>>> print(open('work14.txt').read())   # compact mmCIF, C-alpha atoms
# COMPACT_ATOMS: atom_id res chain seq x y z
CA MET A 1216 -6.99 0.99 -19.72
CA PRO A 1217 -5.09 1.73 -16.51
CA ARG A 1218 -1.34 1.73 -16.92
CA GLY A 1219 0.51 -1.25 -15.44
CA GLN A 1220 2.81 -0.83 -12.50
CA LEU A 1221 6.51 -1.56 -12.17
CA PHE A 1222 7.41 -3.38 -8.96
CA ILE A 1223 11.05 -3.61 -7.98
CA ILE A 1224 11.99 -6.22 -5.43
CA SER A 1225 15.49 -6.07 -4.07
CA GLY A 1226 17.61 -6.75 -1.05
CA PRO A 1227 21.00 -8.04 -0.01
CA SER A 1228 22.29 -11.23 -1.58
CA GLY A 1229 21.11 -14.28 0.38
CA VAL A 1230 17.98 -12.65 1.78
CA GLY A 1231 15.64 -14.78 -0.35
CA LYS A 1232 14.27 -12.13 -2.70
CA GLY A 1233 14.48 -14.49 -5.70
CA THR A 1234 12.17 -17.00 -4.01
CA ILE A 1235 9.64 -14.31 -3.19
CA ALA A 1236 9.81 -12.86 -6.71
CA GLN A 1237 9.29 -16.30 -8.24
CA ARG A 1238 6.15 -16.87 -6.16
CA LEU A 1239 4.75 -13.49 -7.20
CA LEU A 1240 5.29 -14.48 -10.83
CA ASN A 1241 3.55 -17.81 -10.29
CA ASP A 1242 0.61 -16.57 -8.24
CA MET A 1243 -0.06 -13.01 -9.39
CA ASP A 1244 -0.84 -11.36 -12.71
CA ILE A 1245 2.65 -9.95 -13.23
CA THR A 1246 5.50 -10.68 -15.62
CA PHE A 1247 9.26 -10.61 -15.35
CA SER A 1248 11.50 -8.36 -17.35
CA VAL A 1249 14.31 -10.15 -19.20
CA SER A 1250 17.77 -8.67 -18.62
CA MET A 1251 20.43 -8.11 -21.22
CA THR A 1252 24.01 -9.28 -20.76
CA THR A 1253 27.31 -9.40 -22.57
CA ARG A 1254 28.33 -12.67 -20.97
CA ALA A 1255 28.13 -15.91 -22.92
CA PRO A 1256 25.06 -18.11 -22.47
CA ARG A 1257 25.55 -21.05 -20.12
CA PRO A 1258 24.43 -24.50 -21.28
CA GLY A 1259 20.64 -24.61 -21.38
CA GLU A 1260 20.12 -20.84 -21.24
CA VAL A 1261 17.76 -19.51 -23.88
CA ASP A 1262 18.23 -16.13 -25.56
CA GLY A 1263 15.24 -13.88 -24.90
CA LYS A 1264 14.07 -16.03 -22.00
CA ASP A 1265 16.91 -16.23 -19.47
CA TYR A 1266 18.69 -13.20 -20.90
CA PHE A 1267 19.06 -11.26 -24.07
CA PHE A 1268 22.64 -12.22 -24.98
CA VAL A 1269 24.35 -9.42 -26.86
CA SER A 1270 27.83 -8.35 -27.91
CA ASP A 1271 29.75 -5.53 -26.25
CA GLU A 1272 29.01 -3.36 -29.27
CA GLU A 1273 25.27 -3.98 -29.04
CA PHE A 1274 25.37 -3.22 -25.32
CA ASP A 1275 27.24 0.04 -25.99
CA LYS A 1276 24.64 0.94 -28.59
CA MET A 1277 21.83 0.35 -26.07
CA ILE A 1278 23.59 2.68 -23.61
CA ALA A 1279 24.10 5.33 -26.28
CA GLU A 1280 20.40 5.16 -27.19
CA ASP A 1281 19.35 5.47 -23.54
CA GLY A 1282 17.85 2.01 -23.93
CA PHE A 1283 18.32 0.83 -20.33
CA LEU A 1284 16.34 1.50 -17.18
CA GLU A 1285 19.62 0.64 -15.46
CA TYR A 1286 22.82 -1.19 -16.28
CA ALA A 1287 25.94 -2.20 -14.41
CA GLY A 1288 29.40 -3.59 -14.90
CA ASN A 1289 31.88 -1.30 -16.58
CA PHE A 1290 34.49 -4.04 -16.78
CA GLY A 1291 33.98 -7.60 -17.82
CA ASN A 1292 30.43 -8.89 -18.13
CA ARG A 1293 27.75 -6.25 -18.20
CA TYR A 1294 24.08 -6.52 -17.31
CA GLY A 1295 21.23 -4.18 -18.09
CA THR A 1296 17.46 -3.86 -17.90
CA PRO A 1297 16.10 -2.91 -21.34
CA LYS A 1298 13.59 -0.10 -21.13
CA ALA A 1299 11.42 -0.65 -24.25
CA PRO A 1300 9.85 -4.05 -23.46
CA ILE A 1301 9.03 -2.90 -19.92
CA LEU A 1302 7.39 0.33 -21.05
CA GLU A 1303 5.42 -1.57 -23.66
CA LYS A 1304 4.04 -3.94 -21.02
CA LEU A 1305 3.22 -1.08 -18.65
CA ASN A 1306 1.54 0.90 -21.43
CA THR A 1307 -0.68 -2.06 -22.30
CA GLY A 1308 -1.81 -2.37 -18.68
CA HIS A 1309 0.49 -5.16 -17.50
CA ASP A 1310 2.47 -5.16 -14.27
CA VAL A 1311 6.17 -5.88 -14.45
CA LEU A 1312 8.43 -7.26 -11.73
CA LEU A 1313 12.15 -6.57 -11.47
CA ASP A 1314 14.27 -8.74 -9.18
CA ILE A 1315 17.40 -6.65 -8.90
CA ASP A 1316 20.24 -5.71 -6.56
CA ILE A 1317 20.22 -2.49 -4.55
CA GLN A 1318 22.49 -0.53 -6.86
CA GLY A 1319 20.29 -1.46 -9.80
CA ALA A 1320 17.13 -0.51 -7.93
CA ILE A 1321 18.55 2.90 -7.02
CA ASN A 1322 19.28 3.48 -10.69
CA VAL A 1323 15.78 2.34 -11.72
CA LYS A 1324 14.38 4.81 -9.22
CA LYS A 1325 16.20 7.59 -11.06
CA SER A 1326 14.91 6.50 -14.47
CA TYR A 1327 11.43 5.38 -13.35
CA PRO A 1328 10.53 7.06 -10.04
CA LYS A 1329 6.89 5.90 -10.31
CA GLY A 1330 8.03 2.32 -9.63
CA ILE A 1331 7.07 0.63 -6.38
CA PHE A 1332 10.25 -0.27 -4.52
CA ILE A 1333 10.22 -3.18 -2.09
CA PHE A 1334 13.22 -4.00 0.09
CA ILE A 1335 13.58 -7.52 1.49
CA LEU A 1336 15.31 -7.59 4.87
CA PRO A 1337 16.73 -10.53 6.79
CA PRO A 1338 15.21 -11.14 10.25
CA SER A 1339 18.71 -10.71 11.69
CA MET A 1340 22.31 -10.56 10.57
CA ALA A 1341 22.88 -13.92 12.27
CA GLU A 1342 20.18 -15.41 10.05
CA LEU A 1343 21.63 -13.81 6.92
CA ARG A 1344 25.05 -15.20 7.85
CA LYS A 1345 23.47 -18.64 8.24
CA ARG A 1346 21.73 -18.43 4.87
CA ILE A 1347 24.90 -17.33 3.11
CA THR A 1348 27.11 -19.97 4.74
CA GLY A 1349 24.39 -22.55 4.05
CA ARG A 1350 25.35 -22.32 0.43
CA GLY A 1351 28.78 -23.63 1.46
CA THR A 1352 30.78 -21.52 -0.96
CA GLU A 1353 32.08 -18.82 1.36
CA THR A 1354 35.46 -18.36 3.02
CA PRO A 1355 35.42 -16.43 6.33
CA GLU A 1356 36.88 -13.47 4.44
CA SER A 1357 34.29 -13.49 1.66
CA LEU A 1358 31.52 -13.98 4.24
CA ARG A 1359 32.74 -10.94 6.15
CA LYS A 1360 32.78 -8.92 2.93
CA ARG A 1361 29.28 -10.02 1.95
CA LEU A 1362 27.80 -9.12 5.32
CA GLY A 1363 29.55 -5.76 5.20
CA LYS A 1364 28.12 -5.18 1.76
CA ALA A 1365 24.66 -6.18 3.01
CA MET A 1366 24.88 -3.62 5.84
CA GLU A 1367 25.91 -0.95 3.36
CA GLU A 1368 23.06 -1.87 1.03
CA ILE A 1369 20.53 -1.77 3.86
CA SER A 1370 21.46 1.87 4.45
CA TYR A 1371 19.65 2.65 1.17
CA ILE A 1372 16.32 1.48 2.59
CA ASP A 1373 14.99 5.05 2.82
CA LYS A 1374 14.84 5.10 -0.99
CA TYR A 1375 12.26 2.32 -0.88
CA ASP A 1376 8.49 2.42 -0.44
CA TYR A 1377 8.10 -0.87 1.39
CA CYS A 1378 10.21 -3.31 3.35
CA ILE A 1379 9.46 -6.89 4.18
CA VAL A 1380 11.33 -8.88 6.79
CA ASN A 1381 11.82 -12.33 5.31
CA GLY A 1382 11.67 -14.38 8.49
CA GLU A 1383 8.83 -16.76 7.73
CA LEU A 1384 8.74 -17.17 3.94
CA GLU A 1385 4.98 -17.61 3.50
CA GLU A 1386 4.28 -14.52 5.56
CA ALA A 1387 6.78 -12.52 3.53
CA ILE A 1388 5.12 -13.70 0.29
CA ALA A 1389 1.67 -12.79 1.64
CA ARG A 1390 2.95 -9.30 2.46
CA ALA A 1391 4.43 -8.87 -1.00
CA LYS A 1392 1.14 -9.95 -2.57
CA ALA A 1393 -0.76 -7.50 -0.35
CA ILE A 1394 1.50 -4.70 -1.56
CA LEU A 1395 0.73 -5.57 -5.20
CA VAL A 1396 -3.01 -5.59 -4.49
CA ALA A 1397 -2.95 -2.43 -2.39
CA GLU A 1398 -0.98 -0.49 -4.99
CA HIS A 1399 -3.75 -1.22 -7.47
CA SER A 1400 -6.17 0.51 -5.12
CA ARG A 1401 -4.16 3.73 -5.05
CA VAL A 1402 -5.99 6.89 -5.99
CA THR A 1403 -4.46 7.75 -9.36
CA ASP A 1404 -5.56 9.70 -12.40
CA ASP A 1405 -7.18 6.53 -13.72
CA ILE A 1406 -9.96 6.95 -11.18
CA TYR A 1407 -11.23 10.05 -12.93
CA LYS A 1408 -12.27 7.92 -15.89
CA LEU A 1409 -14.59 5.97 -13.59
CA ILE A 1410 -15.90 9.21 -12.11
CA ASP A 1411 -16.61 10.48 -15.61
CA THR A 1412 -18.84 7.47 -16.19
CA TYR A 1413 -20.72 8.34 -12.97
CA LYS A 1414 -21.31 11.85 -14.28
CA GLU A 1415 -22.70 10.48 -17.53
CA GLU A 1416 -25.19 8.45 -15.50
CA MET A 1417 -26.47 11.44 -13.52
CA MET B 473 7.05 -0.78 19.70
CA PRO B 474 5.94 0.49 16.30
CA ARG B 475 3.19 3.05 16.46
CA GLY B 476 -0.27 1.86 15.39
CA GLN B 477 -1.90 3.24 12.28
CA LEU B 478 -5.15 5.11 11.85
CA PHE B 479 -7.22 3.86 8.92
CA ILE B 480 -10.15 5.96 7.77
CA ILE B 481 -12.76 4.28 5.63
CA SER B 482 -15.34 6.50 4.06
CA GLY B 483 -17.57 6.93 1.05
CA PRO B 484 -21.01 8.08 0.01
CA SER B 485 -23.99 6.85 1.98
CA GLY B 486 -25.25 3.54 0.60
CA VAL B 487 -21.92 2.42 -0.83
CA GLY B 488 -21.46 -0.35 1.74
CA LYS B 489 -18.53 1.04 3.73
CA GLY B 490 -20.07 -0.07 7.03
CA THR B 491 -20.14 -3.70 5.92
CA ILE B 492 -16.51 -3.55 4.83
CA ALA B 493 -15.47 -1.82 8.07
CA GLN B 494 -17.26 -4.43 10.15
CA ARG B 495 -15.43 -7.26 8.38
CA LEU B 496 -12.07 -5.56 8.95
CA LEU B 497 -12.91 -5.35 12.65
CA ASN B 498 -13.86 -9.02 12.75
CA ASP B 499 -10.98 -10.39 10.72
CA MET B 500 -8.05 -8.05 11.32
CA ASP B 501 -6.15 -6.85 14.37
CA ILE B 502 -7.77 -3.43 14.47
CA THR B 503 -10.25 -1.67 16.76
CA PHE B 504 -13.02 0.84 16.25
CA SER B 505 -13.06 4.28 17.72
CA VAL B 506 -16.23 5.13 19.65
CA SER B 507 -17.84 8.42 18.62
CA MET B 508 -19.30 11.02 20.96
CA THR B 509 -22.77 12.44 20.44
CA THR B 510 -25.22 14.84 22.05
CA ARG B 511 -28.24 12.87 20.93
CA ALA B 512 -30.11 10.68 23.38
CA PRO B 513 -29.31 6.97 23.45
CA ARG B 514 -31.76 4.77 21.58
CA PRO B 515 -33.14 1.69 23.30
CA GLY B 516 -30.39 -0.89 23.64
CA GLU B 517 -27.51 1.49 22.95
CA VAL B 518 -24.72 1.32 25.49
CA ASP B 519 -22.74 4.37 26.60
CA GLY B 520 -19.05 3.91 25.80
CA LYS B 521 -19.77 1.12 23.33
CA ASP B 522 -22.18 2.46 20.70
CA TYR B 523 -21.41 6.09 21.51
CA PHE B 524 -20.22 8.25 24.32
CA PHE B 525 -23.45 10.06 25.15
CA VAL B 526 -22.77 13.55 26.45
CA SER B 527 -24.58 16.81 27.12
CA ASP B 528 -24.23 19.87 24.92
CA GLU B 529 -22.05 21.45 27.59
CA GLU B 530 -19.70 18.47 27.69
CA PHE B 531 -19.49 18.52 23.90
CA ASP B 532 -18.67 22.25 23.94
CA LYS B 533 -15.98 21.58 26.54
CA MET B 534 -14.43 18.89 24.30
CA ILE B 535 -14.35 21.36 21.40
CA ALA B 536 -12.80 24.06 23.59
CA GLU B 537 -10.10 21.62 24.75
CA ASP B 538 -9.34 20.55 21.16
CA GLY B 539 -10.49 17.10 22.18
CA PHE B 540 -11.85 15.98 18.80
CA LEU B 541 -10.13 14.65 15.71
CA GLU B 542 -13.23 15.93 13.95
CA TYR B 543 -16.80 16.86 14.86
CA ALA B 544 -19.88 17.92 12.95
CA GLY B 545 -23.36 19.29 13.43
CA ASN B 546 -23.59 22.88 14.56
CA PHE B 547 -27.33 22.65 15.05
CA GLY B 548 -29.27 19.84 16.65
CA ASN B 549 -27.46 16.60 17.38
CA ARG B 550 -23.71 16.76 17.21
CA TYR B 551 -21.21 13.97 16.60
CA GLY B 552 -17.48 13.92 17.19
CA THR B 553 -14.48 11.61 17.18
CA PRO B 554 -12.61 11.94 20.50
CA LYS B 555 -8.88 12.30 20.04
CA ALA B 556 -7.46 10.94 23.31
CA PRO B 557 -8.60 7.29 23.17
CA ILE B 558 -7.45 7.03 19.55
CA LEU B 559 -4.00 8.49 20.25
CA GLU B 560 -3.63 6.19 23.24
CA LYS B 561 -4.34 3.13 21.10
CA LEU B 562 -1.98 4.31 18.36
CA ASN B 563 0.77 5.07 20.89
CA THR B 564 0.50 1.57 22.33
CA GLY B 565 0.89 0.03 18.89
CA HIS B 566 -2.74 -0.68 18.04
CA ASP B 567 -4.41 0.12 14.75
CA VAL B 568 -7.64 2.08 14.81
CA LEU B 569 -10.40 2.15 12.19
CA LEU B 570 -12.73 5.09 11.61
CA ASP B 571 -15.90 4.55 9.57
CA ILE B 572 -16.85 8.10 8.78
CA ASP B 573 -18.48 10.30 6.15
CA ILE B 574 -16.45 12.33 3.66
CA GLN B 575 -16.68 15.65 5.48
CA GLY B 576 -15.50 13.95 8.68
CA ALA B 577 -12.64 12.25 6.86
CA ILE B 578 -11.46 15.54 5.33
CA ASN B 579 -11.39 17.04 8.83
CA VAL B 580 -9.50 14.05 10.23
CA LYS B 581 -6.96 14.52 7.45
CA LYS B 582 -6.34 18.03 8.73
CA SER B 583 -5.90 16.93 12.34
CA TYR B 584 -4.13 13.62 11.62
CA PRO B 585 -2.55 13.72 8.15
CA LYS B 586 -0.60 10.52 8.82
CA GLY B 587 -3.86 8.56 8.65
CA ILE B 588 -4.47 6.16 5.77
CA PHE B 589 -7.56 7.32 3.89
CA ILE B 590 -9.62 4.79 1.95
CA PHE B 591 -12.53 5.83 -0.24
CA ILE B 592 -15.22 3.28 -1.08
CA LEU B 593 -16.75 3.84 -4.52
CA PRO B 594 -19.88 2.34 -6.04
CA PRO B 595 -19.36 0.32 -9.25
CA SER B 596 -21.76 2.74 -10.95
CA MET B 597 -24.27 5.43 -10.11
CA ALA B 598 -27.03 3.09 -11.28
CA GLU B 599 -25.89 0.55 -8.70
CA LEU B 600 -25.70 3.18 -5.94
CA ARG B 601 -29.24 4.28 -6.87
CA LYS B 602 -30.38 0.65 -6.60
CA ARG B 603 -28.74 0.20 -3.19
CA ILE B 604 -30.26 3.39 -1.83
CA THR B 605 -33.76 2.68 -3.15
CA GLY B 606 -33.42 -0.92 -1.92
CA ARG B 607 -33.73 0.46 1.57
CA GLY B 608 -37.20 1.63 0.54
CA THR B 609 -37.14 4.88 2.46
CA GLU B 610 -36.50 7.35 -0.34
CA THR B 611 -38.78 9.66 -2.26
CA PRO B 612 -37.69 10.53 -5.82
CA GLU B 613 -36.70 13.96 -4.52
CA SER B 614 -34.62 12.66 -1.59
CA LEU B 615 -33.02 10.06 -3.89
CA ARG B 616 -32.03 12.78 -6.33
CA LYS B 617 -30.53 14.78 -3.47
CA ARG B 618 -28.59 11.83 -2.12
CA LEU B 619 -27.11 10.95 -5.49
CA GLY B 620 -26.18 14.60 -6.01
CA LYS B 621 -24.50 14.62 -2.62
CA ALA B 622 -22.67 11.39 -3.48
CA MET B 623 -21.29 12.96 -6.68
CA GLU B 624 -20.15 15.98 -4.73
CA GLU B 625 -18.49 13.78 -2.11
CA ILE B 626 -16.71 11.73 -4.75
CA SER B 627 -15.02 14.92 -5.97
CA TYR B 628 -12.95 14.79 -2.75
CA ILE B 629 -11.34 11.51 -3.76
CA ASP B 630 -8.00 13.18 -4.47
CA LYS B 631 -7.62 13.74 -0.72
CA TYR B 632 -7.55 9.97 -0.23
CA ASP B 633 -4.70 7.48 -0.45
CA TYR B 634 -6.72 4.53 -1.71
CA CYS B 635 -10.01 3.83 -3.38
CA ILE B 636 -11.89 0.58 -3.58
CA VAL B 637 -14.76 -0.05 -5.96
CA ASN B 638 -17.33 -2.01 -3.98
CA GLY B 639 -18.76 -4.10 -6.79
CA GLU B 640 -18.18 -7.61 -5.50
CA LEU B 641 -18.17 -7.36 -1.68
CA GLU B 642 -15.63 -10.11 -0.94
CA GLU B 643 -13.18 -8.64 -3.43
CA ALA B 644 -13.60 -5.21 -1.89
CA ILE B 645 -12.95 -6.65 1.58
CA ALA B 646 -9.86 -8.49 0.32
CA ARG B 647 -8.53 -5.23 -1.11
CA ALA B 648 -9.15 -3.38 2.14
CA LYS B 649 -7.31 -6.10 4.05
CA ALA B 650 -4.40 -5.94 1.59
CA ILE B 651 -4.17 -2.19 2.22
CA LEU B 652 -3.94 -2.76 5.98
CA VAL B 653 -1.21 -5.37 5.51
CA ALA B 654 0.72 -3.34 2.93
CA GLU B 655 0.70 -0.20 5.07
CA HIS B 656 2.43 -2.19 7.80
CA SER B 657 5.24 -2.90 5.35
CA ARG B 658 5.87 0.78 4.65
CA VAL B 659 9.39 2.01 5.20
CA THR B 660 9.04 4.20 8.30
CA ASP B 661 11.35 5.36 11.04
CA ASP B 662 10.52 2.19 12.96
CA ILE B 663 12.70 0.24 10.55
CA TYR B 664 15.82 1.92 11.87
CA LYS B 665 15.37 0.15 15.17
CA LEU B 666 15.66 -3.18 13.36
CA ILE B 667 18.69 -1.92 11.45
CA ASP B 668 20.28 -0.91 14.74
CA THR B 669 19.98 -4.50 15.92
CA TYR B 670 21.76 -5.62 12.72
CA LYS B 671 24.61 -3.24 13.49
CA GLU B 672 24.96 -4.64 16.98
CA GLU B 673 25.34 -8.09 15.45
CA MET B 674 28.14 -7.08 13.08
>>> encode(input="work14.txt", output="C-alpha cells")
Amino acid sequence: MPRGQLFIISGPSGVGKGTIAQRLLNDMDITFSVSMTTRAPRPGEVDGKDYFFVSDEEFDKMIAEDGFLEYAGNFGNRYGTPKAPILEKLNTGHDVLLDIDIQGAINVKKSYPKGIFIFILPPSMAELRKRITGRGTETPESLRKRLGKAMEEISYIDKYDYCIVNGELEEAIARAKAILVAEHSRVTDDIYKLIDTYKEEM
Amino acid sequence: MPRGQLFIISGPSGVGKGTIAQRLLNDMDITFSVSMTTRAPRPGEVDGKDYFFVSDEEFDKMIAEDGFLEYAGNFGNRYGTPKAPILEKLNTGHDVLLDIDIQGAINVKKSYPKGIFIFILPPSMAELRKRITGRGTETPESLRKRLGKAMEEISYIDKYDYCIVNGELEEAIARAKAILVAEHSRVTDDIYKLIDTYKEEM
C-alpha cells in the first residue's frame, strides 16, 4: 500500500486558509489531525475531536518523549501536533491535512520534510486588511501589528512547495485540490511495485 | 509576466499518451510544439502545422546551430524538436506541451531540465499487449519486441517528475490536468514580484 501524504496548509491569519482546508476535508479523501492543548475546553468542545485537552504535565511528557511534530507556546496555553496518530494514518495509506500557522509549518518541515507545504497568499495587502477589519475586532494598532506579522510570515514562502493566491475562493480550492491529486502522481518508490508486476507478466 | 512551462508527456508506444496530450491541448491553455522532419510530407500534411518539412542539409544546419531541444534518427528519416519557437512561447508566458517518446524526453531533460516530465504507464503489461495487438498490425515477433522495448523504456521512469497510470482514460486526463494546474502553483521566483507589490502597500 502506498504511504499517505502529509499536506500542510498555512498562511497569514485572515487569509482564508481555514475555509480552504475545510473544503478539502469535505471533498477529498483526506483527514485532519487533532491538535493537543493545555487550555481548558470551551463549552461544546469535545476532547479528541476539537482538541486533545491535556494538563501541563502531560504536555511536558509529550515534549520529553519527542511526541510532537511541532508545538508552540512556552508561556500560558500551549498547542502541539501529536506525531503518533499522524504517522499511523500515513503508514496505513491515508492522507493527513494540517491547517497551521507559519511558525508551526516551519517546525513541521524540520520534523517531517517529506510533507507537502502549501502557502495561502492574499491577493493584496489591501484585501487582507479588509478581511481582518471585516471581523470588527481590531484596533488600528492591532491591525498594523497583524499586517506587519503577515508580511514577516510571507517572507518564509521559500520554505514552501506551493502557493495559492486566495482571490477567488472557488479557484483557490480548485488549485488546492489539483495539488493533492498531482502529488499522488509523483514518481516515488511506490511505482517500482507496479513495475515489478509488469516484469512478472513478461 | 510569469514564464510559461514546458510539459513533456511520454510513455511507451500504445499506452495512449497521444489521446491524453490531445485532450490537454483541447481543454487547457497550452500549445503544441511542431516537430521538424526530413521525411516527405504525406498527403494532407501541412508544413508548419503537422511538421516543419526540411531537407537533410537544413536539418544538419539546425544541429550545427544547436537549434534542437532534442533530435533523433541518424539514418533515414530524422525528427527534431526546434528550440526557438518553444523558448519564444515560454518567454511570452505560454505553456508548451511535447508529446514525445522516452529517448526524446530524456534528451529534452538534458537541454531543458526545468521541464515537467510526465510518464504515462499502462495499467498492466497484459493491457498494453491488448492495446498494441488491437491495432492489428503486429506479428508475434514484433509484439514481443515492442513489449520488451516498453519494459526497457519504463526503466527510465526515475527521470520523470510524475507518472500516470492510464487505466481509465478520463481519470488519467483529470490527473494530467491537475498536474498542469498544480505546477502553476509552485513557489518560484515569480512569486517575489507579488510580494513586492505587498510591500509597496504597507
>>> closest_atom_pairs(input="work14.txt", of="chain B", to="chain A", cutoff="6 Å", atoms="only C-alpha atoms", output="JSON lines")
{"residue": "B:Met597", "atom": "CA", "partner": "A:Tyr1413", "partner_atom": "CA", "distance": 5.4}
{"residue": "B:Asp633", "atom": "CA", "partner": "A:Val1402", "partner_atom": "CA", "distance": 5.7}
{"residue": "B:Tyr634", "atom": "CA", "partner": "A:Arg1401", "partner_atom": "CA", "distance": 4.3}
{"residue": "B:Cys635", "atom": "CA", "partner": "A:Ser1400", "partner_atom": "CA", "distance": 5.4}
{"residue": "B:Ile636", "atom": "CA", "partner": "A:Ser1400", "partner_atom": "CA", "distance": 5.9}
{"residue": "B:Ala650", "atom": "CA", "partner": "A:Ala1393", "partner_atom": "CA", "distance": 4.4}
{"residue": "B:Ile651", "atom": "CA", "partner": "A:Ala1397", "partner_atom": "CA", "distance": 4.8}
{"residue": "B:Ala654", "atom": "CA", "partner": "A:Ile1394", "partner_atom": "CA", "distance": 4.8}
{"residue": "B:Ser657", "atom": "CA", "partner": "A:Tyr1377", "partner_atom": "CA", "distance": 5.3}
{"residue": "B:Arg658", "atom": "CA", "partner": "A:Tyr1377", "partner_atom": "CA", "distance": 4.3}
{"residue": "B:Val659", "atom": "CA", "partner": "A:Tyr1377", "partner_atom": "CA", "distance": 4.9}
{"residue": "B:Tyr670", "atom": "CA", "partner": "A:Met1340", "partner_atom": "CA", "distance": 5.4}
>>> atom_distance(input="work14.txt", atom1="CA of Asn1322 in chain A", atom2="CA of Ser1250 in chain A")
14.6 Å
>>> atom_distance(input="work14.txt", atom1="CA of Arg1361 in chain A", atom2="CA of Gly1231 in chain A")
14.6 Å
>>> atom_distance(input="work14.txt", atom1="CA of Thr553 in chain B", atom2="CA of Lys617 in chain B")
26.3 Å
>>> closest_residue(input="work14.txt", among="B:Ile502, B:Ala622, B:Val526, B:Met473", to="Val487 in chain B", atoms="only C-alpha atoms")
B:Ala622
>>> residues_around(input="work14.txt", residues="Ala1236 in chain A", least_positions_apart="2", cutoff="10 Å", atoms="all atoms listed in the file", output="count of residues only")
17
>>> residues_around(input="work14.txt", residues="Phe524 in chain B", least_positions_apart="6", cutoff="9 Å", atoms="only C-alpha atoms", output="MDAnalysis selection string")
chainID B and resid 506:510 518
>>> write_last_selection(input="work14.txt", atoms="C-alpha atoms", output="PDB file, in the frame of the given file")
ATOM      1  CA  VAL B 506     -16.230   5.130  19.650  1.00  0.00           C
ATOM      2  CA  SER B 507     -17.840   8.420  18.620  1.00  0.00           C
ATOM      3  CA  MET B 508     -19.300  11.020  20.960  1.00  0.00           C
ATOM      4  CA  THR B 509     -22.770  12.440  20.440  1.00  0.00           C
ATOM      5  CA  THR B 510     -25.220  14.840  22.050  1.00  0.00           C
ATOM      6  CA  VAL B 518     -24.720   1.320  25.490  1.00  0.00           C
TER       7      VAL B 518
END
>>> residues_near_point(input="work14.txt", point="(31.3, -12.7, -24.4)", cutoff="12 Å", atoms="all atoms listed in the file", output="number ranges by chain")
A: 1252-1257, 1268-1274, 1290-1294
>>> write_last_selection(input="work14.txt", atoms="C-alpha atoms", output="mmCIF file, keeping the file's coordinate frame")
data_model
loop_
_atom_site.group_PDB
_atom_site.id
_atom_site.type_symbol
_atom_site.label_atom_id
_atom_site.label_comp_id
_atom_site.auth_asym_id
_atom_site.auth_seq_id
_atom_site.Cartn_x
_atom_site.Cartn_y
_atom_site.Cartn_z
ATOM 1 C CA THR A 1252 24.010 -9.280 -20.760
ATOM 2 C CA THR A 1253 27.310 -9.400 -22.570
ATOM 3 C CA ARG A 1254 28.330 -12.670 -20.970
ATOM 4 C CA ALA A 1255 28.130 -15.910 -22.920
ATOM 5 C CA PRO A 1256 25.060 -18.110 -22.470
ATOM 6 C CA ARG A 1257 25.550 -21.050 -20.120
ATOM 7 C CA PHE A 1268 22.640 -12.220 -24.980
ATOM 8 C CA VAL A 1269 24.350 -9.420 -26.860
ATOM 9 C CA SER A 1270 27.830 -8.350 -27.910
ATOM 10 C CA ASP A 1271 29.750 -5.530 -26.250
ATOM 11 C CA GLU A 1272 29.010 -3.360 -29.270
ATOM 12 C CA GLU A 1273 25.270 -3.980 -29.040
ATOM 13 C CA PHE A 1274 25.370 -3.220 -25.320
ATOM 14 C CA PHE A 1290 34.490 -4.040 -16.780
ATOM 15 C CA GLY A 1291 33.980 -7.600 -17.820
ATOM 16 C CA ASN A 1292 30.430 -8.890 -18.130
ATOM 17 C CA ARG A 1293 27.750 -6.250 -18.200
ATOM 18 C CA TYR A 1294 24.080 -6.520 -17.310
#
>>> closest_residue(input="work14.txt", among="B:Leu615, B:Ile558, B:Met500, B:Leu600", to="Gly587 in chain B", atoms="only C-alpha atoms")
B:Ile558
>>> closest_residue(input="work14.txt", among="B:Glu613, B:Glu640, B:Asp668, B:Arg475", to="Leu562 in chain B", atoms="all atoms listed in the file")
B:Arg475
